[in-house]
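Structure first, then comments.
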Amino acid sequence: MSDGLASDEELVSALRGGDLAAFDRLYDRYARRLYGYIRRMVLDPARADDAFQEVFMVVLRGPGADAPGFDPARGRFAAWLFAVARNRCMADRRQGLARAALLNREGYRLEPSADISGPERQLDEARRVRAAIDALPEDQRQLILMKQLGELTYRELAELLGVAEGTIKSRLHAAMLALRQLLAEGEPVDEL
Amino acid sequence: MNCDDYRALLTHHAYAELCPAERGPLSSHLARCSACALEYCRLLADLDGIQSSLEELPAALGRKVRAALERELRPRGLRRISSALRRPIPAYALAAALLLPIALWARYGGDRSGASSRGGRDASTQHSPGDRGALAPASSGAASHRDADRYDAAGPSLAAYPIL
């Protein structure tokens, strides 16, 4: 697979044929976004790493009991990949382990923080955003994470969730309003 | 369209998901309306905040996933051998594997060395030139061998025996 512009579908096919260079290409394209999404869904780093690896194993193995195989006729690879990741993460969450980790996690609060500045302030801001996202209803959280971290297009999101693109637009708008409301509630006092 | 209508489009504008028919009027509105422009800037800042909460991809993870895929892609026979080699060996099996050669040596190796030393002694007894005349006549087969084992100093000399 020497063509740098090979489609995802071609790369998946080459990978299943044993071409690990195709894996390298797919990894370059999706690893950062996929890991960002999984890491926000599965808060325990070791479990997130496992989930990440399992998603790529599903890509290699194709159809299985745990996930339907990727079929180019039924949609884009990105949508399918994130659907696999979402199912894997949801299974993890159902086990309750991720939720327990979340509750034990430091900074799982939306209260305004005390006077801090510089890098600490940035860290605090990131923590505040995380906490706000975690406080969203599950479907809104999924949508924002898959859009913002997964960088999926509205069309891919529509394929993934099995709804019309217009529905994605209205749901995402509602999710962003809810998130901004939560962020406003947790805004530091000195910024008000 | 009023400000609320335009604000409903801001998220999609930020994600470049508006069609040209929507994008044009919104851009014009943002250029005119400072309140909506401020709202748009806040939205972009929030989206940046989500992006900055992104966890770094560990460098070692790619190698780990690649190695797992490589194992998966290996032919089934090789994979089986490789997994058998990597399987932990139980302590009793290891002990048995170490003791078995020693036990076999003790049983057979020791016997063979004893037998060969005995055989050597017998041979020297049989073929000693000095004793040749004292050997019993070699009649045939095992019986003659047994006879040869019996030494009789008073017996006739070897010359008295027929050659064949």
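Following the order of the structure tokens, first chain is A, next is B, and so on, with residues numbered from 1 inside each chain and ligands from 1 in the order they appear.
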
Enumerate as an MDAnalysis selection string the residues belonging to chain B that approach chain A to within 7 Å, with only C-alpha atoms taken into account.
-> chainID B and resid 8 11 49:55 57 65 69 73

Would you mind exporting C-alpha atoms of the selected residues as a tab-separated table (two decimals), in the first residue's frame?
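Output (selection-v9.tsv):
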```
chain	number	residue	atom	x	y	z
B	8	ALA	CA	-28.90	28.77	16.67
B	11	THR	CA	-22.32	25.94	16.56
B	49	GLY	CA	-11.61	24.33	26.19
B	50	ILE	CA	-13.02	20.93	25.22
B	51	GLN	CA	-10.16	20.39	22.80
B	52	SER	CA	-7.57	21.33	25.41
B	53	SER	CA	-9.03	18.73	27.77
B	54	LEU	CA	-7.97	16.09	25.22
B	55	GLU	CA	-5.61	13.52	26.71
B	57	LEU	CA	-1.91	9.78	23.03
B	65	VAL	CA	-1.42	-2.18	19.39
B	69	LEU	CA	-2.09	-6.97	15.48
B	73	LEU	CA	-1.84	-11.80	11.75
```

Spatial neighbours of stretch 25-40 of chain B, 8 Å, only C-alpha atoms, chain gap at least 3 places, as a VMD selection string = chain B and resid 3 6 to 7 9 to 10 21 to 22 43 to 44

From A:Ala178, A:Leu157, A:Ala46, A:Val163, residue lying nearest A:Trp80 [only C-alpha atoms] = A:Leu157

In terms of the shortest atom-to-atom distance over only C-alpha atoms, which of B:Ala154, B:Asp46, B:Pro88, B:Tyr15 is closest to A:Leu182?
->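 Closest to A:Leu182 of all the choices is B:Asp46.
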